>>> print(open('structure_33.cif').read())   # mmCIF, C-alpha atoms
data_my_file
#
loop_
_atom_site.label_atom_id
_atom_site.label_comp_id
_atom_site.auth_asym_id
_atom_site.auth_seq_id
_atom_site.Cartn_x
_atom_site.Cartn_y
_atom_site.Cartn_z
CA MET F 1 2.91 7.50 25.63
CA SER F 2 1.09 10.65 24.55
CA ARG F 3 -2.65 10.08 24.12
CA LEU F 4 -2.73 11.93 20.78
CA LEU F 5 0.14 9.82 19.42
CA GLN F 6 -1.44 6.62 20.72
CA ASP F 7 -4.75 7.49 19.02
CA VAL F 8 -3.24 8.29 15.65
CA VAL F 9 -1.07 5.15 15.69
CA GLU F 10 -4.09 3.02 16.59
CA GLU F 11 -6.22 4.54 13.83
CA LEU F 12 -3.53 4.24 11.15
CA SER F 13 -2.86 0.62 12.16
CA LYS F 14 -6.40 -0.23 11.09
CA LEU F 15 -5.40 0.26 7.45
CA PRO F 16 -4.33 -2.87 5.55
CA GLY F 17 -0.60 -3.53 5.45
CA ILE F 18 0.13 -0.91 8.13
CA GLY F 19 1.42 -2.26 11.44
CA ARG F 20 2.18 -0.27 14.58
CA ARG F 21 5.75 0.40 13.52
CA THR F 22 4.75 1.79 10.13
CA ALA F 23 1.92 3.76 11.76
CA LEU F 24 4.44 5.36 14.12
CA ARG F 25 6.71 6.20 11.19
CA LEU F 26 3.74 7.76 9.36
CA ALA F 27 2.82 9.76 12.49
CA MET F 28 6.37 11.14 12.73
CA HIS F 29 6.13 12.06 9.04
CA LEU F 30 2.86 13.92 9.70
CA LEU F 31 4.76 16.09 12.19
CA ARG F 32 7.26 17.08 9.51
CA MET F 33 4.47 17.98 7.07
CA GLU F 34 2.95 21.47 6.94
CA PRO F 35 -0.26 21.53 9.04
CA GLN F 36 -2.01 22.80 5.90
CA SER F 37 -0.89 19.72 3.89
CA VAL F 38 -2.13 17.39 6.60
CA THR F 39 -5.52 19.09 6.58
CA GLU F 40 -5.68 18.81 2.79
CA MET F 41 -4.97 15.10 3.09
CA THR F 42 -7.60 14.39 5.75
CA ARG F 43 -10.15 16.56 3.90
CA SER F 44 -9.60 14.60 0.69
CA ILE F 45 -10.11 11.33 2.61
CA ASP F 46 -13.32 12.61 4.23
CA ARG F 47 -14.67 13.98 0.95
CA PHE F 48 -13.83 10.75 -0.86
CA ARG F 49 -15.59 8.58 1.74
CA ARG F 50 -18.61 10.88 1.91
CA ASP F 51 -19.19 11.86 -1.72
CA ILE F 52 -17.91 9.05 -3.93
CA ARG F 53 -20.63 7.08 -5.76
CA ARG F 54 -20.95 4.21 -8.17
CA CYS F 55 -21.61 5.02 -11.82
CA ALA F 56 -25.25 4.14 -12.52
CA CYS F 57 -24.23 2.64 -15.86
CA CYS F 58 -20.98 0.71 -15.32
CA ASN F 59 -20.48 0.59 -11.49
CA ASN F 60 -17.10 2.35 -11.74
CA LEU F 61 -16.28 4.87 -9.00
CA SER F 62 -17.74 8.23 -9.88
CA ASP F 63 -18.26 11.78 -8.63
CA GLU F 64 -21.52 12.12 -10.57
CA GLU F 65 -24.43 9.96 -11.70
CA LEU F 66 -22.22 8.80 -14.59
CA CYS F 67 -18.45 8.21 -14.42
CA PRO F 68 -16.10 10.21 -16.69
CA VAL F 69 -15.84 7.28 -19.15
CA CYS F 70 -19.60 6.72 -19.51
CA ALA F 71 -20.20 10.47 -19.71
CA ASP F 72 -17.61 10.94 -22.48
CA PRO F 73 -19.41 11.32 -25.87
CA GLU F 74 -16.15 10.37 -27.64
CA ARG F 75 -16.10 6.81 -26.28
CA ASP F 76 -17.26 3.91 -28.43
CA ARG F 77 -20.59 2.80 -26.92
CA SER F 78 -20.72 -0.47 -28.89
CA THR F 79 -17.92 -2.12 -26.88
CA VAL F 80 -18.02 -2.96 -23.16
CA CYS F 81 -14.99 -4.34 -21.32
CA VAL F 82 -16.00 -6.37 -18.24
CA VAL F 83 -13.52 -6.20 -15.33
CA GLU F 84 -13.45 -7.40 -11.75
CA GLN F 85 -12.65 -4.14 -9.98
CA VAL F 86 -12.08 -0.39 -10.24
CA ALA F 87 -8.27 -0.78 -10.26
CA ASP F 88 -8.56 -2.81 -13.49
CA VAL F 89 -10.29 0.12 -15.22
CA LEU F 90 -7.40 2.38 -14.21
CA SER F 91 -4.83 -0.14 -15.52
CA ILE F 92 -6.56 -0.35 -18.90
CA GLU F 93 -7.16 3.42 -19.12
CA HIS F 94 -3.47 3.93 -18.38
CA THR F 95 -2.57 2.23 -21.69
CA HIS F 96 -4.64 4.78 -23.70
CA GLN F 97 -5.40 1.91 -26.11
CA TYR F 98 -9.05 1.31 -25.33
CA ARG F 99 -11.83 3.64 -26.46
CA GLY F 100 -14.89 1.61 -25.43
CA LEU F 101 -16.85 1.54 -22.16
CA TYR F 102 -16.37 -0.61 -19.05
CA HIS F 103 -18.42 -2.70 -16.70
CA VAL F 104 -17.13 -3.22 -13.15
CA LEU F 105 -18.45 -6.50 -11.71
CA GLY F 106 -17.34 -5.63 -8.18
CA GLY F 107 -15.72 -9.03 -7.64
CA VAL F 108 -15.73 -12.57 -9.01
CA ILE F 109 -17.98 -15.47 -8.03
CA SER F 110 -16.41 -17.23 -5.04
CA PRO F 111 -18.43 -19.75 -2.98
CA MET F 112 -15.43 -19.94 -0.59
CA GLN F 113 -15.67 -16.22 0.18
CA GLY F 114 -19.47 -16.23 -0.01
CA ILE F 115 -19.63 -14.11 -3.19
CA ALA F 116 -22.66 -15.19 -5.24
CA PRO F 117 -23.59 -13.99 -8.77
CA SER F 118 -26.24 -11.78 -7.16
CA ASP F 119 -23.49 -9.87 -5.30
CA LEU F 120 -22.04 -8.79 -8.65
CA THR F 121 -23.47 -6.24 -11.09
CA ILE F 122 -24.46 -8.87 -13.66
CA ASP F 123 -28.10 -7.77 -13.83
CA LEU F 124 -26.90 -4.24 -14.52
CA LEU F 125 -24.74 -5.59 -17.37
CA CYS F 126 -27.68 -7.53 -18.86
CA GLY F 127 -29.74 -4.35 -18.67
CA ARG F 128 -27.09 -2.54 -20.71
CA LEU F 129 -27.08 -5.29 -23.37
CA ALA F 130 -30.89 -5.20 -23.57
CA GLY F 131 -30.53 -1.63 -24.83
CA GLY F 132 -29.22 -3.04 -28.14
CA GLU F 133 -26.36 -0.55 -28.57
CA VAL F 134 -23.60 -2.96 -27.47
CA ARG F 135 -22.03 -5.14 -30.20
CA GLU F 136 -19.08 -6.64 -28.28
CA VAL F 137 -18.40 -7.62 -24.67
CA ILE F 138 -14.70 -8.10 -23.85
CA LEU F 139 -14.13 -10.29 -20.78
CA ALA F 140 -11.04 -9.05 -18.93
CA ILE F 141 -11.50 -11.02 -15.72
CA PRO F 142 -8.69 -12.94 -13.98
CA ALA F 143 -7.76 -16.46 -15.15
CA SER F 144 -8.17 -17.86 -11.62
CA VAL F 145 -10.63 -20.60 -10.63
CA GLU F 146 -13.04 -17.89 -9.46
CA GLY F 147 -12.48 -15.92 -12.65
CA GLU F 148 -13.22 -18.98 -14.80
CA THR F 149 -16.38 -19.72 -12.80
CA THR F 150 -17.47 -16.14 -13.35
CA ARG F 151 -16.66 -16.34 -17.06
CA PHE F 152 -18.68 -19.55 -17.41
CA TYR F 153 -21.63 -18.03 -15.56
CA LEU F 154 -21.46 -14.83 -17.63
CA MET F 155 -21.36 -16.77 -20.94
CA ASN F 156 -24.66 -18.39 -19.97
CA ARG F 157 -26.26 -15.14 -18.84
CA LEU F 158 -25.16 -13.34 -22.01
CA LYS F 159 -26.32 -16.09 -24.40
CA PRO F 160 -29.79 -14.52 -24.96
CA TYR F 161 -28.21 -11.39 -26.48
CA ALA F 162 -27.59 -12.98 -29.88
CA GLY F 163 -26.25 -9.86 -31.58
CA VAL F 164 -23.46 -9.40 -29.02
CA LYS F 165 -20.04 -10.94 -29.72
CA ILE F 166 -18.21 -12.14 -26.59
CA THR F 167 -14.42 -11.99 -26.62
CA ALA F 168 -11.71 -12.43 -23.99
CA ILE F 169 -8.41 -10.60 -23.63
CA ALA F 170 -5.43 -12.58 -24.96
CA ARG F 171 -3.46 -14.71 -22.52
CA GLY F 172 0.22 -15.29 -23.23
CA ILE F 173 3.75 -14.39 -22.26
CA GLY F 174 3.98 -10.73 -21.23
CA PHE F 175 6.40 -8.38 -22.95
CA GLY F 176 9.62 -8.44 -20.95
CA ASP F 177 8.72 -11.68 -19.14
CA GLU F 178 11.41 -14.36 -19.15
CA LEU F 179 10.13 -17.86 -19.93
CA GLU F 180 12.16 -19.18 -17.01
CA TYR F 181 9.87 -17.35 -14.58
CA VAL F 182 6.51 -17.78 -16.31
CA ASP F 183 4.06 -20.35 -14.89
CA ASP F 184 3.38 -23.64 -16.74
CA LEU F 185 -0.24 -22.88 -17.56
CA THR F 186 0.62 -19.61 -19.25
CA ILE F 187 3.44 -21.20 -21.28
CA ALA F 188 1.23 -24.14 -22.33
CA HIS F 189 -1.56 -21.73 -23.33
CA ALA F 190 0.84 -19.50 -25.22
CA LEU F 191 2.20 -22.52 -27.17
CA LEU F 192 -1.27 -23.82 -28.03
CA ASN F 193 -2.35 -20.37 -29.20
CA ARG F 194 0.77 -19.63 -31.23
CA ARG F 195 0.20 -17.57 -34.35
CA GLU F 196 1.95 -17.48 -37.69
CA VAL F 197 4.45 -14.69 -38.08
CA GLU F 198 3.81 -12.83 -41.31
CA GLN F 199 6.76 -12.69 -43.69
CA SER F 200 6.48 -8.93 -43.99
CA GLU F 201 7.02 -8.47 -40.24
CA MET U 1 -10.81 8.73 -13.33
CA SER U 2 -13.08 10.15 -10.67
CA ARG U 3 -11.79 13.47 -9.30
CA LEU U 4 -12.43 12.40 -5.68
CA LEU U 5 -10.51 9.14 -6.17
CA GLN U 6 -7.69 10.94 -7.94
CA ASP U 7 -7.38 13.46 -5.08
CA VAL U 8 -7.30 10.85 -2.33
CA VAL U 9 -4.76 8.71 -4.21
CA GLU U 10 -2.56 11.77 -4.78
CA GLU U 11 -2.73 12.82 -1.14
CA LEU U 12 -2.03 9.33 0.25
CA SER U 13 0.90 8.91 -2.18
CA LYS U 14 2.63 11.79 -0.39
CA LEU U 15 3.17 9.57 2.65
CA PRO U 16 6.51 7.76 2.84
CA GLY U 17 6.52 4.19 1.49
CA ILE U 18 3.11 4.62 -0.16
CA GLY U 19 3.09 4.56 -3.96
CA ARG U 20 0.10 5.07 -6.24
CA ARG U 21 -0.78 1.38 -6.23
CA THR U 22 -0.81 1.15 -2.42
CA ALA U 23 -2.70 4.45 -2.24
CA LEU U 24 -5.38 3.04 -4.53
CA ARG U 25 -5.60 -0.10 -2.39
CA LEU U 26 -5.98 2.06 0.73
CA ALA U 27 -8.68 4.13 -1.01
CA MET U 28 -10.64 0.98 -1.87
CA HIS U 29 -10.28 -0.09 1.77
CA LEU U 30 -11.68 3.27 2.93
CA LEU U 31 -14.82 2.50 0.91
CA ARG U 32 -15.29 -0.75 2.80
CA MET U 33 -14.88 1.00 6.17
CA GLU U 34 -17.82 2.51 8.03
CA PRO U 35 -18.02 6.26 7.26
CA GLN U 36 -17.90 6.83 11.02
CA SER U 37 -14.58 4.93 11.32
CA VAL U 38 -13.06 6.95 8.49
CA THR U 39 -14.08 10.18 10.23
CA GLU U 40 -12.57 8.95 13.50
CA MET U 41 -9.32 8.25 11.68
CA THR U 42 -9.09 11.62 9.93
CA ARG U 43 -10.08 13.43 13.16
CA SER U 44 -7.31 11.68 15.10
CA ILE U 45 -4.81 12.69 12.38
CA ASP U 46 -5.97 16.33 12.46
CA ARG U 47 -5.97 16.47 16.28
CA PHE U 48 -2.52 14.90 16.41
CA ARG U 49 -1.04 17.37 13.92
CA ARG U 50 -2.72 20.36 15.58
CA ASP U 51 -2.36 19.64 19.29
CA ILE U 52 0.75 17.52 19.79
CA ARG U 53 3.64 19.30 21.56
CA ARG U 54 7.15 18.62 22.70
CA CYS U 55 7.70 17.95 26.41
CA ALA U 56 9.36 21.07 27.85
CA CYS U 57 11.68 18.86 29.90
CA CYS U 58 12.73 15.93 27.68
CA ASN U 59 11.51 16.83 24.13
CA ASN U 60 9.39 13.66 23.92
CA LEU U 61 6.01 13.99 22.19
CA SER U 62 3.42 15.20 24.65
CA ASP U 63 -0.20 16.28 25.02
CA GLU U 64 0.68 18.65 27.87
CA GLU U 65 3.55 20.86 29.01
CA LEU U 66 5.21 17.71 30.41
CA CYS U 67 5.06 14.23 28.85
CA PRO U 68 3.55 11.31 30.81
CA VAL U 69 7.02 10.05 31.79
CA CYS U 70 8.31 13.41 33.10
CA ALA U 71 4.99 14.06 34.84
CA ASP U 72 5.00 10.68 36.61
CA PRO U 73 6.09 11.17 40.26
CA GLU U 74 7.01 7.46 40.46
CA ARG U 75 9.87 7.73 37.94
CA ASP U 76 13.46 7.92 39.11
CA ARG U 77 14.57 11.53 38.43
CA SER U 78 18.25 10.79 39.01
CA THR U 79 18.65 8.83 35.75
CA VAL U 80 18.23 10.21 32.22
CA CYS U 81 18.39 8.00 29.16
CA VAL U 82 19.43 9.94 26.04
CA VAL U 83 17.90 8.67 22.79
CA GLU U 84 17.83 9.83 19.19
CA GLN U 85 14.08 9.87 18.58
CA VAL U 86 10.59 9.40 19.99
CA ALA U 87 10.31 5.82 18.67
CA ASP U 88 13.31 4.85 20.85
CA VAL U 89 11.45 5.97 23.98
CA LEU U 90 8.53 3.75 22.99
CA SER U 91 10.85 0.77 22.40
CA ILE U 92 12.46 1.14 25.83
CA GLU U 93 9.13 1.80 27.60
CA HIS U 94 7.79 -1.35 25.97
CA THR U 95 10.30 -3.46 27.95
CA HIS U 96 8.94 -2.14 31.31
CA GLN U 97 12.53 -2.42 32.59
CA TYR U 98 13.45 1.25 32.85
CA ARG U 99 12.13 3.55 35.59
CA GLY U 100 14.20 6.68 34.91
CA LEU U 101 13.52 9.66 32.64
CA TYR U 102 14.41 10.25 28.99
CA HIS U 103 15.92 12.90 26.81
CA VAL U 104 15.02 12.95 23.11
CA LEU U 105 17.81 14.56 21.06
CA GLY U 106 15.66 14.82 17.94
CA GLY U 107 18.38 13.35 15.71
CA VAL U 108 22.11 12.71 15.60
CA ILE U 109 24.87 15.03 14.38
CA SER U 110 25.25 14.57 10.62
CA PRO U 111 27.23 17.05 8.54
CA MET U 112 26.13 15.10 5.45
CA GLN U 113 22.46 15.79 6.21
CA GLY U 114 23.18 19.23 7.58
CA ILE U 115 22.29 18.35 11.18
CA ALA U 116 24.47 20.40 13.54
CA PRO U 117 24.68 20.06 17.36
CA SER U 118 22.55 23.22 17.61
CA ASP U 119 19.71 21.39 15.81
CA LEU U 120 19.55 18.88 18.67
CA THR U 121 18.22 19.45 22.20
CA ILE U 122 21.69 19.35 23.78
CA ASP U 123 21.34 22.74 25.50
CA LEU U 124 18.07 21.53 27.01
CA LEU U 125 19.90 18.43 28.34
CA CYS U 126 22.69 20.55 29.85
CA GLY U 127 20.04 22.70 31.51
CA ARG U 128 18.57 19.58 33.12
CA LEU U 129 21.98 18.49 34.42
CA ALA U 130 22.62 21.97 35.84
CA GLY U 131 19.66 21.35 38.13
CA GLY U 132 21.83 18.89 40.10
CA GLU U 133 19.20 16.18 40.50
CA VAL U 134 20.58 13.88 37.75
CA ARG U 135 23.24 11.34 38.84
CA GLU U 136 23.51 9.22 35.69
CA VAL U 137 23.13 9.82 31.96
CA ILE U 138 22.67 6.65 29.88
CA LEU U 139 23.59 7.10 26.22
CA ALA U 140 21.32 4.94 24.08
CA ILE U 141 22.16 6.42 20.69
CA PRO U 142 22.90 4.35 17.57
CA ALA U 143 26.39 2.90 17.01
CA SER U 144 26.59 4.47 13.53
CA VAL U 145 29.24 7.01 12.44
CA GLU U 146 26.75 9.80 13.19
CA GLY U 147 25.87 8.23 16.53
CA GLU U 148 29.54 8.01 17.49
CA THR U 149 30.10 11.64 16.48
CA THR U 150 27.14 12.62 18.62
CA ARG U 151 28.41 10.53 21.55
CA PHE U 152 31.86 12.16 21.30
CA TYR U 153 30.33 15.64 21.20
CA LEU U 154 28.03 14.87 24.11
CA MET U 155 30.88 13.51 26.25
CA ASN U 156 32.63 16.86 25.84
CA ARG U 157 29.54 18.91 26.59
CA LEU U 158 28.70 16.83 29.66
CA LYS U 159 32.24 16.94 31.12
CA PRO U 160 31.56 20.05 33.27
CA TYR U 161 28.90 18.16 35.26
CA ALA U 162 31.38 16.31 37.46
CA GLY U 163 28.81 14.59 39.66
CA VAL U 164 27.06 12.92 36.72
CA LYS U 165 28.13 9.43 35.67
CA ILE U 166 27.91 8.77 31.91
CA THR U 167 27.13 5.24 30.79
CA ALA U 168 26.21 3.62 27.47
CA ILE U 169 23.85 0.74 26.78
CA ALA U 170 25.64 -2.59 26.29
CA ARG U 171 26.49 -3.67 22.76
CA GLY U 172 26.64 -7.39 21.99
CA ILE U 173 24.86 -10.30 20.41
CA GLY U 174 21.10 -9.98 20.79
CA PHE U 175 19.06 -12.75 22.41
CA GLY U 176 17.90 -15.04 19.63
CA ASP U 177 20.46 -13.72 17.14
CA GLU U 178 22.49 -16.36 15.30
CA LEU U 179 26.21 -15.61 15.09
CA GLU U 180 26.11 -16.53 11.41
CA TYR U 181 23.99 -13.45 10.68
CA VAL U 182 25.56 -10.94 13.09
CA ASP U 183 27.86 -8.27 11.63
CA ASP U 184 31.64 -8.43 12.24
CA LEU U 185 31.86 -5.30 14.37
CA THR U 186 29.23 -6.57 16.80
CA ILE U 187 30.90 -9.98 17.10
CA ALA U 188 34.35 -8.43 17.61
CA HIS U 189 32.95 -6.05 20.24
CA ALA U 190 31.09 -8.88 21.99
CA LEU U 191 34.29 -10.96 22.14
CA LEU U 192 36.38 -8.09 23.48
CA ASN U 193 33.78 -7.32 26.11
CA ARG U 194 33.24 -10.93 27.20
CA ARG U 195 32.47 -11.39 30.89
CA GLU U 196 33.22 -14.20 33.29
CA VAL U 197 30.33 -16.54 33.91
CA GLU U 198 29.83 -17.00 37.63
CA GLN U 199 30.02 -20.62 38.83
CA SER U 200 26.70 -20.33 40.61
CA GLU U 201 24.89 -19.47 37.33
#
>>> encode(input="structure_33.cif", output="C-alpha cells")
Amino acid sequence: MSRLLQDVVEELSKLPGIGRRTALRLAMHLLRMEPQSVTEMTRSIDRFRRDIRRCACCNNLSDEELCPVCADPERDRSTVCVVEQVADVLSIEHTHQYRGLYHVLGGVISPMQGIAPSDLTIDLLCGRLAGGEVREVILAIPASVEGETTRFYLMNRLKPYAGVKITAIARGIGFGDELEYVDDLTIAHALLNRREVEQSE
Amino acid sequence: MSRLLQDVVEELSKLPGIGRRTALRLAMHLLRMEPQSVTEMTRSIDRFRRDIRRCACCNNLSDEELCPVCADPERDRSTVCVVEQVADVLSIEHTHQYRGLYHVLGGVISPMQGIAPSDLTIDLLCGRLAGGEVREVILAIPASVEGETTRFYLMNRLKPYAGVKITAIARGIGFGDELEYVDDLTIAHALLNRREVEQSE
C-alpha cells in the first residue's frame, strides 16, 4: 500500500465515527477534489485549531475576546441562557427566537466521568450575575441524571443573587412527535404540566 | 457563530457522508486534540493530495513511478488481477493469499454515468499483455450490470492475446453467510456451480 495513502487513512481514522473503510472512501474523494479545495479545507482546519478561543464572557467559541453574541449591542443583556455545550447555542440561535445572551458550561457534572463543578464555567457565570445587569437565568441543560445534578448544584450557587429569576425551558411532547414513540417520563411530565386551552384559540 | 467555526464546518461538510451536524461534532473533536496532532493530520492530507500518483504499470495509487506491488521482485509477474478500484486491491492484499500483480481499471463501463471504455485503463492493460510475460488475467470486477458489460467488453479486447488465459473469481455463498439472507441470483449461481465433495475431505 502506498505510504501516502496509508498515512492519510491512519490520520483520518483518528476522527470519531470514522473507521478505516470510511477513511479510505474519504481519501478517494480527496483525489477527486480540486487540489485548491483540499488546501482550503486543511487551511480552515489548521486556522480553526490554532486561532479559535473561548469568549471571555460566556465561554462560547469565539474568534475575538468576545463572541458575536456577547459583542452584539442589540442583544438583551438582562437574560442569560445556560447551556451544556457550544452546539446547543447553535441550535437555539438557529430558531431566531432568542435575543438574550448565553452561558456555555462546557459540560454537566458527572462523577462517573470525573467532571466536577470546578471543571465547568460556574464561577464565570456567578461573576456575570454579580454585575447586577442580569434579571433572568434560563436553564437549558439536558434532563439527564447529570443534567439534574447540575441544575440542583446551580440552583444553590445562584441562590445568593436574589434579584435574578431562574427559569427552565419547557419539557413536553415535541411538535411532530408521535405519543407512541415518546418516552414515559416525558409523557408523564407533559400530562402533569398540562395547560388550559383558551377558548379564543 | 464564530467565523473560524463556520468555515471549518462548511469545509468538512463538503466531504461525502458528512452533514453539518457531524462536521460540528468533528470540529469539537479537533479542539480536544493536541494542536500537533491536528497539524499532522492536515499535513498528511495535503501531502497525499499533492504527491500521490498512479502506478505507470497498473494504475494503483503510488508514491513512486511504480506502486509497491509492481516494484516488488517477489511477486508473480505472470498473473494479473483486474479490479475496478484501488480499494479492491487493498481488500485482496489484506487476505495475503494473492502473489500476482494487479490492474486497476478506475471504474466500470456505465453509459448511465457517462463512463466509456476509453475512460478506463484498458489500453494500458492491453499494453501489458503485449509484453508477453502475462499468462493469466483474473477478472475480479463486480457482478453488476455495469460489471458484466465491462467483462464482456474486456473479453473481446483480450481475445487477440491467445496465450493468456482469462479467469474470473468464484461467485457463491460467502463463508459465514446464511442462506436466508443471500440474494436469489447468488444462490441460483451457487447451486448451478456446485462441485463434488471428495470422499477424503
>>> interface_residues(input="structure_33.cif", of="chain F", to="chain U", cutoff="6 Å", atoms="all atoms listed in the file", output="list in words")
Ser2, Leu4, Val8, Glu11, Met41, Thr42, Ser44, Ile45, Phe48, Ser62 and Asp63 of chain F
>>> atom_distance(input="structure_33.cif", atom1="CA of Thr186 in chain U", atom2="CA of Ile169 in chain U")
13.5 Å
>>> resolve_selection(input="structure_33.cif", expression="the PyMOL selection byres ((chain F and resi 127) around 12)", output="ChimeraX atom specification")
/F:56-58,103,121-126,128-134,157-158,160-161
>>> atom_distance(input="structure_33.cif", atom1="CA of Asp72 in chain F", atom2="CA of Gly147 in chain F")
29.1 Å
>>> resolve_selection(input="structure_33.cif", expression="the PyMOL selection byres ((chain U and resi 73-76) around 10)", output="list in words")
Pro68, Val69, Cys70, Ala71, Asp72, Arg77, Ser78, Thr79, Val80, Tyr98, Arg99, Gly100, Leu101 and Val134 of chain U
>>> resolve_selection(input="structure_33.cif", expression="the PyMOL selection byres ((chain F and resi 167) around 6)", output="list in words")
Ile138, Ile166 and Ala168 of chain F
>>> write_last_selection(input="structure_33.cif", atoms="C-alpha atoms", output="PDB file, in the frame of the given file")
ATOM      1  CA  ILE F 138     -14.700  -8.100 -23.850  1.00  0.00           C
ATOM      2  CA  ILE F 166     -18.210 -12.140 -26.590  1.00  0.00           C
ATOM      3  CA  ALA F 168     -11.710 -12.430 -23.990  1.00  0.00           C
TER       4      ALA F 168
END
>>> atom_distance(input="structure_33.cif", atom1="CA of Arg20 in chain U", atom2="CA of Ser13 in chain F")
19.2 Å
>>> axis_aligned_box(input="structure_33.cif", around="range 156-170 of chain F", padding_each_side="5 Å", output="lines of an AutoDock Vina configuration file")
center_x = -17.6
center_y = -13.9
center_z = -25.2
size_x = 34.4
size_y = 19.0
size_z = 22.7
>>> residues_around(input="structure_33.cif", residues="Asn193 in chain F", least_positions_apart="6", cutoff="12 Å", atoms="all atoms listed in the file", output="NGL selection string")
:F and (170-173 or 186-187)
>>> write_last_selection(input="structure_33.cif", atoms="C-alpha atoms", output="PDB file, in the frame of the given file")
ATOM      1  CA  ALA F 170      -5.430 -12.580 -24.960  1.00  0.00           C
ATOM      2  CA  ARG F 171      -3.460 -14.710 -22.520  1.00  0.00           C
ATOM      3  CA  GLY F 172       0.220 -15.290 -23.230  1.00  0.00           C
ATOM      4  CA  ILE F 173       3.750 -14.390 -22.260  1.00  0.00           C
ATOM      5  CA  THR F 186       0.620 -19.610 -19.250  1.00  0.00           C
ATOM      6  CA  ILE F 187       3.440 -21.200 -21.280  1.00  0.00           C
TER       7      ILE F 187
END
>>> residues_around(input="structure_33.cif", residues="Ser144 in chain F", least_positions_apart="6", cutoff="12 Å", atoms="only C-alpha atoms", output="PDB file with C-alpha atoms, in the coordinates of the input")
ATOM      1  CA  GLU F  84     -13.450  -7.400 -11.750  1.00  0.00           C
ATOM      2  CA  VAL F 108     -15.730 -12.570  -9.010  1.00  0.00           C
ATOM      3  CA  ILE F 109     -17.980 -15.470  -8.030  1.00  0.00           C
ATOM      4  CA  SER F 110     -16.410 -17.230  -5.040  1.00  0.00           C
ATOM      5  CA  THR F 150     -17.470 -16.140 -13.350  1.00  0.00           C
ATOM      6  CA  ARG F 151     -16.660 -16.340 -17.060  1.00  0.00           C
ATOM      7  CA  LEU F 185      -0.240 -22.880 -17.560  1.00  0.00           C
ATOM      8  CA  THR F 186       0.620 -19.610 -19.250  1.00  0.00           C
TER       9      THR F 186
END
>>> build_atoms(input="structure_33.cif", residues="range 64-69 of chain F", atoms="all heavy atoms", output="PDB file, keeping the file's coordinate frame")
ATOM      1  N   GLU F  64     -20.187  11.746 -10.115  1.00  0.00           N
ATOM      2  CA  GLU F  64     -21.520  12.120 -10.570  1.00  0.00           C
ATOM      3  C   GLU F  64     -22.349  10.861 -10.807  1.00  0.00           C
ATOM      4  O   GLU F  64     -21.881   9.756 -10.598  1.00  0.00           O
ATOM      5  CB  GLU F  64     -21.417  12.892 -11.897  1.00  0.00           C
ATOM      6  CG  GLU F  64     -20.320  13.927 -11.962  1.00  0.00           C
ATOM      7  CD  GLU F  64     -20.731  15.230 -11.290  1.00  0.00           C
ATOM      8  OE1 GLU F  64     -21.955  15.393 -11.091  1.00  0.00           O
ATOM      9  OE2 GLU F  64     -19.871  16.047 -10.979  1.00  0.00           O
ATOM     10  N   GLU F  65     -23.545  11.069 -11.314  1.00  0.00           N
ATOM     11  CA  GLU F  65     -24.430   9.960 -11.700  1.00  0.00           C
ATOM     12  C   GLU F  65     -23.700   9.009 -12.664  1.00  0.00           C
ATOM     13  O   GLU F  65     -23.769   7.799 -12.517  1.00  0.00           O
ATOM     14  CB  GLU F  65     -25.685  10.566 -12.365  1.00  0.00           C
ATOM     15  CG  GLU F  65     -26.640   9.594 -13.013  1.00  0.00           C
ATOM     16  CD  GLU F  65     -27.618   8.990 -12.023  1.00  0.00           C
ATOM     17  OE1 GLU F  65     -27.568   9.359 -10.832  1.00  0.00           O
ATOM     18  OE2 GLU F  65     -28.421   8.131 -12.435  1.00  0.00           O
ATOM     19  N   LEU F  66     -23.000   9.610 -13.644  1.00  0.00           N
ATOM     20  CA  LEU F  66     -22.220   8.800 -14.590  1.00  0.00           C
ATOM     21  C   LEU F  66     -20.735   9.084 -14.414  1.00  0.00           C
ATOM     22  O   LEU F  66     -20.337  10.227 -14.152  1.00  0.00           O
ATOM     23  CB  LEU F  66     -22.622   9.143 -16.036  1.00  0.00           C
ATOM     24  CG  LEU F  66     -24.009   8.669 -16.491  1.00  0.00           C
ATOM     25  CD1 LEU F  66     -24.240   9.083 -17.951  1.00  0.00           C
ATOM     26  CD2 LEU F  66     -24.183   7.167 -16.336  1.00  0.00           C
ATOM     27  N   CYS F  67     -19.904   8.042 -14.569  1.00  0.00           N
ATOM     28  CA  CYS F  67     -18.450   8.210 -14.420  1.00  0.00           C
ATOM     29  C   CYS F  67     -17.894   8.938 -15.648  1.00  0.00           C
ATOM     30  O   CYS F  67     -18.580   9.041 -16.669  1.00  0.00           O
ATOM     31  CB  CYS F  67     -17.782   6.860 -14.233  1.00  0.00           C
ATOM     32  SG  CYS F  67     -17.651   5.914 -15.756  1.00  0.00           S
ATOM     33  N   PRO F  68     -16.671   9.459 -15.569  1.00  0.00           N
ATOM     34  CA  PRO F  68     -16.100  10.210 -16.690  1.00  0.00           C
ATOM     35  C   PRO F  68     -16.087   9.407 -18.001  1.00  0.00           C
ATOM     36  O   PRO F  68     -16.278   9.988 -19.071  1.00  0.00           O
ATOM     37  CB  PRO F  68     -14.674  10.521 -16.229  1.00  0.00           C
ATOM     38  CG  PRO F  68     -14.723  10.455 -14.744  1.00  0.00           C
ATOM     39  CD  PRO F  68     -15.759   9.426 -14.425  1.00  0.00           C
ATOM     40  N   VAL F  69     -15.886   8.097 -17.922  1.00  0.00           N
ATOM     41  CA  VAL F  69     -15.840   7.280 -19.150  1.00  0.00           C
ATOM     42  C   VAL F  69     -17.232   7.216 -19.778  1.00  0.00           C
ATOM     43  O   VAL F  69     -17.408   7.502 -20.966  1.00  0.00           O
ATOM     44  CB  VAL F  69     -15.298   5.869 -18.872  1.00  0.00           C
ATOM     45  CG1 VAL F  69     -15.367   5.002 -20.130  1.00  0.00           C
ATOM     46  CG2 VAL F  69     -13.857   5.926 -18.357  1.00  0.00           C
TER      47      VAL F  69
END
